[in-house]
Amino acid sequence: MINRLPLIAGNWKMHKTGDEAVAAAKQLKPLVAGAKDVEVMIAPPFTALYQVSTEIKGSAIGLGAQNVHWEPHGAYTGEIAPNMLLAAGCMYVIIGHSERRQFFGDTDQTINRKIRAAISVGLAPIFCIGETEAERDSGKTFYVLDKQIRNGLEGFVLQDLQALVIAYEPVWAIGTGKTATKEQAQEVHAHVRRRLAEMVGQGFADQLRILYGGSVKPSNIKELMAMPDVDGALVGGASLDPVTFSQLVLYKK
Ligand code: PGA
């Protein structure tokens, strides 16, 4: 039996100042202290990372960033390097979120470089993929996802990818209140796992965690997590309120 530890990750996007983020983390700590057999991660904005890492030290909550630059240092005004995230206390970094692809010019190629840069310092990348509504409606879902996976992971070998997490986030489900049905999520997750088995190896694919993201909330998490290939959730809106997020973390109860 393959045992993949579920990961419930909160993507706070561009919400919360440092003090607000610390207050939310402080409130979250006791709420998720009893969570068993599940990993918890929050990804506040860059400016809150260090403060939050101090607040959650020693707790069950892990820290992630929402983006990273691919170079280790240099004249890149406004960018943040992988080792800076590490120094701020991060374990994870979200890479290739659809909002970054849509509004900030992330491409499969820059995402590939960001994944490589994250891995090089020991950050675990949460690599986001997903199709738009028009792509799904025209039957191109698997084609689009395959391309994102192929390009995003081009040139990597098994050894590079040990810490990789993939997040399937259908663009039409993000922040829209529309969730993929559990069957739609399962169909894609199983497909992604098969692809990774072909590309990297069956053993790797069996232990790879594939998260679902897109309007996950307390009312739908249980059925999504019951699907055999759904190994966690990447949560936006519903992660902002600690009480609601803790209900997601404790989805088994
Ligand atoms: P949502 O966002 O939960 O608000 O739909 C998910 C995400 O963008 O990661």
# chains A, B, ... in the order shown; residues from 1 in each chain; ligands from 1
call {"tool": "residues_near_ligand", "arguments": {"ligand": "ligand 1", "cutoff": "10 Å", "atoms": "only C-alpha atoms and all ligand atoms", "output": "number ranges by chain"}}
result
A: 9-13, 66, 94, 97-99, 128, 167-179, 211-217, 233-240
call {"tool": "write_last_selection", "arguments": {"atoms": "N, CA, C and O atoms", "output": "compact mmCIF listing (two decimals), in the first residue's frame"}}
result
# COMPACT_ATOMS: atom_id res chain seq x y z
N ALA A 9 -2.17 22.89 1.93
CA ALA A 9 -1.35 24.09 1.80
C ALA A 9 -2.24 25.31 1.59
O ALA A 9 -3.16 25.28 0.77
N GLY A 10 -1.93 26.36 2.33
CA GLY A 10 -2.70 27.61 2.21
C GLY A 10 -1.89 28.64 1.43
O GLY A 10 -0.77 28.98 1.83
N ASN A 11 -2.44 29.09 0.34
CA ASN A 11 -1.80 30.13 -0.47
C ASN A 11 -2.50 31.45 -0.15
O ASN A 11 -3.62 31.68 -0.57
N TRP A 12 -1.81 32.28 0.62
CA TRP A 12 -2.45 33.52 1.08
C TRP A 12 -2.42 34.63 0.03
O TRP A 12 -2.94 35.72 0.25
N LYS A 13 -1.78 34.36 -1.08
CA LYS A 13 -1.74 35.33 -2.18
C LYS A 13 -1.35 36.72 -1.65
O LYS A 13 -0.54 36.83 -0.75
N GLN A 66 5.39 32.07 -2.36
CA GLN A 66 4.46 31.99 -3.48
C GLN A 66 5.13 32.09 -4.85
O GLN A 66 4.47 31.95 -5.88
N ILE A 94 5.77 27.76 -4.02
CA ILE A 94 4.78 27.54 -5.08
C ILE A 94 5.36 28.11 -6.38
O ILE A 94 5.83 29.25 -6.40
N HIS A 97 2.09 29.23 -10.49
CA HIS A 97 0.66 29.41 -10.23
C HIS A 97 0.01 30.09 -11.44
O HIS A 97 0.62 30.94 -12.09
N SER A 98 -1.21 29.75 -11.71
CA SER A 98 -1.86 30.27 -12.94
C SER A 98 -1.94 31.80 -12.93
O SER A 98 -1.92 32.43 -13.99
N GLU A 99 -2.02 32.40 -11.73
CA GLU A 99 -2.05 33.88 -11.70
C GLU A 99 -0.71 34.45 -12.15
O GLU A 99 -0.66 35.51 -12.78
N CYS A 128 2.66 24.14 -10.15
CA CYS A 128 1.24 24.24 -10.49
C CYS A 128 1.01 24.06 -12.00
O CYS A 128 1.71 24.66 -12.82
N ALA A 167 0.68 20.52 -8.14
CA ALA A 167 -0.68 20.98 -7.80
C ALA A 167 -1.46 21.12 -9.09
O ALA A 167 -1.07 21.90 -9.97
N TYR A 168 -2.53 20.37 -9.19
CA TYR A 168 -3.44 20.52 -10.34
C TYR A 168 -4.49 21.56 -9.96
O TYR A 168 -5.27 21.35 -9.04
N GLU A 169 -4.45 22.67 -10.68
CA GLU A 169 -5.39 23.75 -10.40
C GLU A 169 -6.07 24.19 -11.70
O GLU A 169 -5.51 25.02 -12.44
N PRO A 170 -7.23 23.62 -11.98
CA PRO A 170 -7.94 24.07 -13.18
C PRO A 170 -8.21 25.57 -13.08
O PRO A 170 -8.76 26.03 -12.07
N VAL A 171 -7.79 26.33 -14.07
CA VAL A 171 -7.86 27.80 -13.97
C VAL A 171 -9.31 28.25 -13.75
O VAL A 171 -9.56 29.20 -13.01
N TRP A 172 -10.23 27.53 -14.35
CA TRP A 172 -11.66 27.90 -14.25
C TRP A 172 -12.22 27.66 -12.85
O TRP A 172 -13.34 28.08 -12.55
N ALA A 173 -11.47 27.01 -12.00
CA ALA A 173 -11.98 26.71 -10.65
C ALA A 173 -11.34 27.59 -9.58
O ALA A 173 -11.72 27.53 -8.42
N ILE A 174 -10.35 28.42 -9.98
CA ILE A 174 -9.63 29.21 -8.98
C ILE A 174 -10.40 30.48 -8.66
O ILE A 174 -10.63 31.31 -9.53
N GLY A 175 -10.79 30.59 -7.40
CA GLY A 175 -11.46 31.79 -6.92
C GLY A 175 -12.83 32.03 -7.53
O GLY A 175 -13.42 33.10 -7.39
N THR A 176 -13.36 31.02 -8.21
CA THR A 176 -14.63 31.20 -8.91
C THR A 176 -15.79 30.57 -8.17
O THR A 176 -16.94 30.78 -8.52
N GLY A 177 -15.47 29.75 -7.18
CA GLY A 177 -16.52 29.00 -6.50
C GLY A 177 -16.88 27.73 -7.25
O GLY A 177 -17.58 26.87 -6.74
N LYS A 178 -16.39 27.60 -8.47
CA LYS A 178 -16.63 26.35 -9.24
C LYS A 178 -15.52 25.38 -8.88
O LYS A 178 -14.34 25.69 -9.04
N THR A 179 -15.87 24.22 -8.39
CA THR A 179 -14.84 23.23 -8.08
C THR A 179 -14.91 22.13 -9.12
O THR A 179 -16.00 21.80 -9.59
N LEU A 211 -1.57 17.60 -5.46
CA LEU A 211 -2.60 18.35 -4.73
C LEU A 211 -3.65 18.83 -5.72
O LEU A 211 -3.35 19.10 -6.88
N TYR A 212 -4.87 19.01 -5.23
CA TYR A 212 -5.90 19.66 -6.03
C TYR A 212 -6.09 21.08 -5.51
O TYR A 212 -6.07 21.31 -4.29
N GLY A 213 -6.27 22.03 -6.42
CA GLY A 213 -6.56 23.40 -6.00
C GLY A 213 -7.63 24.01 -6.88
O GLY A 213 -7.68 23.76 -8.09
N GLY A 214 -8.45 24.85 -6.28
CA GLY A 214 -9.53 25.51 -7.02
C GLY A 214 -10.81 25.41 -6.22
O GLY A 214 -11.48 24.38 -6.25
N SER A 215 -11.09 26.49 -5.44
CA SER A 215 -12.32 26.56 -4.65
C SER A 215 -12.51 25.38 -3.70
O SER A 215 -13.63 24.90 -3.51
N VAL A 216 -11.40 24.95 -3.09
CA VAL A 216 -11.52 23.93 -2.04
C VAL A 216 -12.08 24.61 -0.80
O VAL A 216 -11.64 25.71 -0.43
N LYS A 217 -13.04 23.98 -0.15
CA LYS A 217 -13.65 24.53 1.05
C LYS A 217 -14.10 23.39 1.97
O LYS A 217 -14.07 22.23 1.54
N ALA A 233 -4.43 19.48 -0.83
CA ALA A 233 -5.11 20.61 -1.45
C ALA A 233 -4.24 21.85 -1.36
O ALA A 233 -3.50 22.05 -0.38
N LEU A 234 -4.31 22.65 -2.42
CA LEU A 234 -3.71 23.98 -2.40
C LEU A 234 -4.88 24.95 -2.36
O LEU A 234 -5.68 25.00 -3.30
N VAL A 235 -4.96 25.68 -1.26
CA VAL A 235 -6.18 26.42 -0.96
C VAL A 235 -5.91 27.91 -0.94
O VAL A 235 -4.98 28.36 -0.26
N GLY A 236 -6.69 28.69 -1.67
CA GLY A 236 -6.56 30.14 -1.66
C GLY A 236 -7.52 30.75 -0.66
O GLY A 236 -7.25 30.81 0.54
N GLY A 237 -8.66 31.18 -1.15
CA GLY A 237 -9.63 31.92 -0.35
C GLY A 237 -9.93 31.31 1.01
O GLY A 237 -9.92 32.01 2.04
N ALA A 238 -10.15 30.01 1.04
CA ALA A 238 -10.56 29.36 2.29
C ALA A 238 -9.39 29.14 3.25
O ALA A 238 -9.57 28.60 4.34
N SER A 239 -8.18 29.57 2.85
CA SER A 239 -7.05 29.42 3.79
C SER A 239 -6.82 30.68 4.61
O SER A 239 -6.02 30.70 5.55
N LEU A 240 -7.51 31.76 4.26
CA LEU A 240 -7.23 33.05 4.90
C LEU A 240 -7.77 33.12 6.32
O LEU A 240 -7.20 33.79 7.18
call {"tool": "residues_around", "arguments": {"residues": "range 19-29 of chain A", "least_positions_apart": "3", "cutoff": "6 Å", "atoms": "only C-alpha atoms", "output": "list in words"}}
result
Lys16, Val32, Ala33, Val52 and Pro242 of chain A
call {"tool": "atom_distance", "arguments": {"atom1": "CA of Val93 in chain A", "atom2": "CA of Ile126 in chain A"}}
result
5.9 Å
call {"tool": "residues_around", "arguments": {"residues": "Pro30 in chain A", "least_positions_apart": "4", "cutoff": "10 Å", "atoms": "only C-alpha atoms", "output": "ChimeraX atom specification"}}
result
/A:25-26,34-35,59-60,246
call {"tool": "write_last_selection", "arguments": {"atoms": "N, CA, C and O atoms", "output": "tab-separated table (two decimals), in the first residue's frame"}}
result
chain	number	residue	atom	x	y	z
A	25	ALA	N	-1.35	33.13	11.93
A	25	ALA	CA	-0.55	31.93	12.22
A	25	ALA	C	-0.69	31.55	13.70
A	25	ALA	O	-0.80	30.38	14.05
A	26	LYS	N	-0.69	32.56	14.55
A	26	LYS	CA	-0.82	32.32	16.00
A	26	LYS	C	-2.17	31.65	16.31
A	26	LYS	O	-2.26	30.73	17.10
A	34	GLY	N	-3.51	19.26	16.86
A	34	GLY	CA	-3.84	17.83	16.99
A	34	GLY	C	-3.95	17.10	15.66
A	34	GLY	O	-4.35	15.94	15.64
A	35	ALA	N	-3.60	17.76	14.59
A	35	ALA	CA	-3.77	17.12	13.27
A	35	ALA	C	-2.79	15.96	13.12
A	35	ALA	O	-1.60	16.11	13.35
A	59	SER	N	6.14	24.35	15.68
A	59	SER	CA	4.75	23.90	15.55
A	59	SER	C	4.66	22.92	14.38
A	59	SER	O	5.65	22.63	13.70
A	60	ALA	N	3.46	22.46	14.13
A	60	ALA	CA	3.25	21.48	13.04
A	60	ALA	C	3.10	22.18	11.69
A	60	ALA	O	2.93	21.53	10.66
A	246	SER	N	-8.38	25.48	9.35
A	246	SER	CA	-8.17	24.33	10.25
A	246	SER	C	-9.20	23.24	9.97
A	246	SER	O	-8.91	22.05	10.11
call {"tool": "closest_residue", "arguments": {"among": "A:Ile8, A:Asp206, A:His15, A:Arg150", "to": "Gln247 in chain A", "atoms": "only C-alpha atoms"}}
result
A:Ile8
call {"tool": "select_by_dssp", "arguments": {"residues": "range 43-218 of chain A", "states": "alpha helix (DSSP H)", "output": "PyMOL selection string"}}
result
chain A and resi 46-56+82-87+98-103+108-121+133-137+141-152+182-199+202-207
call {"tool": "atom_distance", "arguments": {"atom1": "CA of Tyr92 in chain A", "atom2": "CA of Ile42 in chain A"}}
result
9.2 Å
call {"tool": "closest_residue", "arguments": {"among": "A:Asn220, A:Ser120, A:Asn3, A:Thr47", "to": "Phe156 in chain A", "atoms": "only C-alpha atoms"}}
result
A:Ser120
call {"tool": "select_by_dssp", "arguments": {"residues": "range 5-203 of chain A", "states": "strand (DSSP E)", "output": "list in words"}}
result
Leu7, Ile8, Ala9, Gly10, Asn11, Glu39, Val40, Met41, Ile42, Ala43, Ile61, Gly62, Leu63, Gly64, Ala65, Tyr92, Val93, Ile94, Ile95, Ala124, Pro125, Ile126, Phe127, Cys128, Ile129, Val165, Ile166, Ala167 and Tyr168 of chain A
call {"tool": "closest_atom_pairs", "arguments": {"of": "range 35-56 of chain A", "to": "range 79-88 of chain A", "cutoff": "9 Å", "atoms": "only C-alpha atoms", "output": "Markdown table"}}
result
| residue | atom | partner | partner_atom | distance |
| --- | --- | --- | --- | --- |
| A:Phe46 | CA | A:Leu85 | CA | 8.3 |
| A:Leu49 | CA | A:Ala88 | CA | 6.0 |
| A:Tyr50 | CA | A:Ala88 | CA | 4.7 |
| A:Gln51 | CA | A:Ala88 | CA | 8.4 |
| A:Ser53 | CA | A:Ala88 | CA | 7.0 |
call {"tool": "residues_around", "arguments": {"residues": "range 114-119 of chain A", "least_positions_apart": "5", "cutoff": "9 Å", "atoms": "only C-alpha atoms", "output": "list in words"}}
result
Asn67, Val68, His69, Trp70, Glu71, Pro72, Ala81, Pro82, Asn83, Tyr92, Val93, Ile95, Gly96, Gln109, Ala124, Pro125, Ile126, Phe127, Gly152, Leu153, Phe156, Asp160, Leu161, Ala163 and Leu164 of chain A
call {"tool": "atom_distance", "arguments": {"atom1": "CA of Gly201 in chain A", "atom2": "CA of Thr181 in chain A"}}
result
28.2 Å
call {"tool": "decode", "arguments": {"residues": "range 113-131 of chain A", "atoms": "N, CA, C and O atoms", "output": "tab-separated table (two decimals), in the first residue's frame"}}
result
chain	number	residue	atom	x	y	z
A	113	ARG	N	13.11	26.87	-14.92
A	113	ARG	CA	14.31	27.43	-14.27
A	113	ARG	C	14.06	27.67	-12.79
A	113	ARG	O	14.95	27.50	-11.95
A	114	LYS	N	12.86	28.11	-12.47
A	114	LYS	CA	12.54	28.35	-11.05
A	114	LYS	C	12.53	27.03	-10.27
A	114	LYS	O	13.01	26.99	-9.13
A	115	ILE	N	12.01	25.99	-10.88
A	115	ILE	CA	11.99	24.69	-10.19
A	115	ILE	C	13.43	24.23	-9.94
A	115	ILE	O	13.78	23.80	-8.84
A	116	ARG	N	14.25	24.39	-10.95
A	116	ARG	CA	15.66	23.98	-10.80
A	116	ARG	C	16.34	24.79	-9.69
A	116	ARG	O	17.07	24.24	-8.86
A	117	ALA	N	16.08	26.09	-9.68
A	117	ALA	CA	16.70	26.95	-8.67
A	117	ALA	C	16.24	26.58	-7.26
A	117	ALA	O	17.03	26.55	-6.31
A	118	ALA	N	14.95	26.29	-7.13
A	118	ALA	CA	14.42	25.92	-5.81
A	118	ALA	C	15.08	24.63	-5.33
A	118	ALA	O	15.57	24.55	-4.19
A	119	ILE	N	15.13	23.65	-6.21
A	119	ILE	CA	15.70	22.35	-5.84
A	119	ILE	C	17.17	22.51	-5.45
A	119	ILE	O	17.66	21.85	-4.52
A	120	SER	N	17.86	23.42	-6.13
A	120	SER	CA	19.31	23.55	-5.89
A	120	SER	C	19.63	24.01	-4.47
A	120	SER	O	20.72	23.77	-3.98
A	121	VAL	N	18.68	24.67	-3.81
A	121	VAL	CA	18.95	25.06	-2.42
A	121	VAL	C	18.19	24.19	-1.41
A	121	VAL	O	18.24	24.45	-0.21
A	122	GLY	N	17.44	23.23	-1.91
A	122	GLY	CA	16.73	22.34	-1.00
A	122	GLY	C	15.32	22.78	-0.66
A	122	GLY	O	14.74	22.29	0.31
A	123	LEU	N	14.75	23.70	-1.46
A	123	LEU	CA	13.34	24.05	-1.27
A	123	LEU	C	12.50	23.05	-2.05
A	123	LEU	O	12.87	22.68	-3.17
A	124	ALA	N	11.36	22.67	-1.49
A	124	ALA	CA	10.47	21.76	-2.20
A	124	ALA	C	9.54	22.56	-3.11
A	124	ALA	O	8.78	23.39	-2.61
A	125	PRO	N	9.60	22.36	-4.41
A	125	PRO	CA	8.71	23.11	-5.30
A	125	PRO	C	7.30	22.52	-5.33
A	125	PRO	O	7.15	21.30	-5.39
A	126	ILE	N	6.32	23.39	-5.29
A	126	ILE	CA	4.94	22.98	-5.55
A	126	ILE	C	4.62	23.51	-6.94
A	126	ILE	O	4.35	24.70	-7.13
A	127	PHE	N	4.72	22.65	-7.89
A	127	PHE	CA	4.64	23.00	-9.32
A	127	PHE	C	3.17	22.95	-9.76
A	127	PHE	O	2.54	21.90	-9.72
A	128	CYS	N	2.66	24.14	-10.15
A	128	CYS	CA	1.24	24.24	-10.49
A	128	CYS	C	1.01	24.06	-12.00
A	128	CYS	O	1.71	24.66	-12.82
A	129	ILE	N	0.00	23.27	-12.31
A	129	ILE	CA	-0.42	23.09	-13.70
A	129	ILE	C	-1.94	23.21	-13.75
A	129	ILE	O	-2.61	23.04	-12.73
A	130	GLY	N	-2.47	23.50	-14.92
A	130	GLY	CA	-3.94	23.58	-15.03
A	130	GLY	C	-4.37	24.13	-16.36
A	130	GLY	O	-3.63	24.91	-16.98
A	131	GLU	N	-5.54	23.74	-16.76
A	131	GLU	CA	-6.09	24.18	-18.04
A	131	GLU	C	-7.13	25.28	-17.83
A	131	GLU	O	-7.74	25.35	-16.77
